[in-house]
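Colleague: Pasting a structure here, questions to come.
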Amino acid sequence: MKKSIFVLLCLLISFVSADELKNNKIKELLQTTNTIDISKQYADQIIIQYKRMFPTVPNEMWDEFVKEITNKDFEELLIKLYDHNYTEKEIDALLAFYSSEEGQSIIKKMPVVLSKSMQIGAMWGKLTAKKIYDKVIAKGYKPIEI
C-alpha cells in the first residue's frame with residue numbers, strides 16, 4: 001500500500017514538473033517574441049481611443065485604468081492557449097526559431113505586418129461585401145428595411 005502511494009506521488013510530481021517546465025518554456029517564448037510588450041502597446045492604444053470617446057473623463061481615472069491593466073492576466077491566458085495548442089516539442093522549435101537572427105528580424109517586423117494585414121483584411125471585406133450586395137441587387141432582390 002505504501003509503495004503504491006509512493007509511486008502515485010512520484011507520478012504526480014513528475015506531471016507537475018513537466019507542466020511547469022512547458023509553462024516556463026512558453027513564458028520564455030512570450031518574452032523572446034515580445035508578445036507581452038506588444039499587448040501593453042495595444043492596451044495603451046485602447047486607452048487612447050477611449051480618451052477620445054470620453055474627453056470629459058479626468059486623466060486620473062485613465063491612470064487608474066492603466067494601473068489595473070496587467071500583463072500578468074494576459075500572459076496567463078496566452079500560456080493556457082499555447083499549452084493547449086502546441087506540444088512541448090513545438091514550443092522548443094518556436095524558441096529556437098525566434099531566438100535566431102531571422103526570427104528576431106521577423107519579430108521586429110511583425111507589428112507593422114499585422115497592422116497592415118488588418119487594414120487589408122478590412123478593405124477586402126468591404127469590397128467582397130459590396131460585390132455580393134451588387135450581384136444580389138442586380139438579380140432583382142431587395143434588402144429588407146430595418
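Numbering starts fresh at 1 for the residues of each chain in the C-alpha cells, the chains themselves are lettered A, B, ... in the order given, and ligands are numbered from 1 as they appear.
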If you run DSSP on this backbone, which residues of segment 43-82 of chain A come out as alpha helix (DSSP H), and could you give them as a ChimeraX atom specification?

Modeller: /A:43-53,59-68,71-82

Colleague: For segment 17-28 of chain A, please output as a ChimeraX atom specification all residues within 10 Å (counting only C-alpha atoms; exclusion window: fewer than 3 positions along the same chain).

Modeller: /A:11-14,31-36,75-76,78-83,86-89,91-92,94-95

Colleague: Grab the residues selected above and save them as a JSON list (two decimals), in the first residue's frame with C-alpha atoms.

Modeller:
```
[["chain", "number", "residue", "atom", "x", "y", "z"],
["A", 11, "LEU", "CA", 3.99, 10.24, -10.89],
["A", 12, "LEU", "CA", 2.04, 13.28, -9.72],
["A", 13, "ILE", "CA", 5.24, 15.21, -9.06],
["A", 14, "SER", "CA", 6.62, 14.32, -12.50],
["A", 31, "GLN", "CA", 9.40, 37.05, -23.77],
["A", 32, "THR", "CA", 11.51, 36.16, -26.81],
["A", 33, "THR", "CA", 8.76, 37.26, -29.19],
["A", 34, "ASN", "CA", 7.96, 40.42, -27.18],
["A", 35, "THR", "CA", 4.33, 39.29, -27.14],
["A", 36, "ILE", "CA", 3.65, 40.71, -23.69],
["A", 75, "GLU", "CA", 0.25, 36.19, -20.04],
["A", 76, "GLU", "CA", -1.73, 33.56, -18.10],
["A", 78, "LEU", "CA", -1.68, 33.04, -23.51],
["A", 79, "ILE", "CA", 0.10, 30.31, -21.56],
["A", 80, "LYS", "CA", -3.16, 28.33, -21.48],
["A", 81, "LEU", "CA", -3.69, 28.94, -25.19],
["A", 82, "TYR", "CA", -0.16, 27.88, -26.16],
["A", 83, "ASP", "CA", -0.25, 24.91, -23.78],
["A", 86, "TYR", "CA", 1.31, 23.41, -29.01],
["A", 87, "THR", "CA", 3.32, 20.43, -27.88],
["A", 88, "GLU", "CA", 6.48, 21.00, -25.87],
["A", 89, "LYS", "CA", 8.48, 19.97, -28.94],
["A", 91, "ILE", "CA", 7.41, 25.25, -28.28],
["A", 92, "ASP", "CA", 11.10, 24.23, -28.39],
["A", 94, "LEU", "CA", 9.46, 28.09, -31.92],
["A", 95, "LEU", "CA", 12.00, 29.13, -29.28]]
```

Colleague: Tell me which of A:Glu64, A:His84, A:Asp73, A:Ser115 sits closest to Tyr42 of chain A, counting only C-alpha atoms.

Modeller: A:Ser115

Colleague: Out of A:Val66, A:Ile106, A:Met61, A:Leu30, which residue has the shortest atom-to-atom distance to Ile47 of chain A when counting only C-alpha atoms?

Modeller: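 With only C-alpha atoms as the atom set, the closest residue is A:Val66.
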
Colleague: Work out how far apart atom CA of Lys40 of chain A and atom CA of Phe74 of chain A are and give it in Å to one decimal.

Modeller: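 Rounded to one decimal, the two atoms are 9.5 Å apart.
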
Colleague: Could you check how far atom CA of Thr70 of chain A sits from atom CA of Ile38 of chain A, in Å to one decimal?

Modeller: 12.6 Å

Colleague: Suppose you want the space between atom CA of Ala43 of chain A and atom CA of Asn71 of chain A; what is it in Å?

Modeller: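 Taking atom CA of Ala43 of chain A and atom CA of Asn71 of chain A, their separation equals 9.5 Å.
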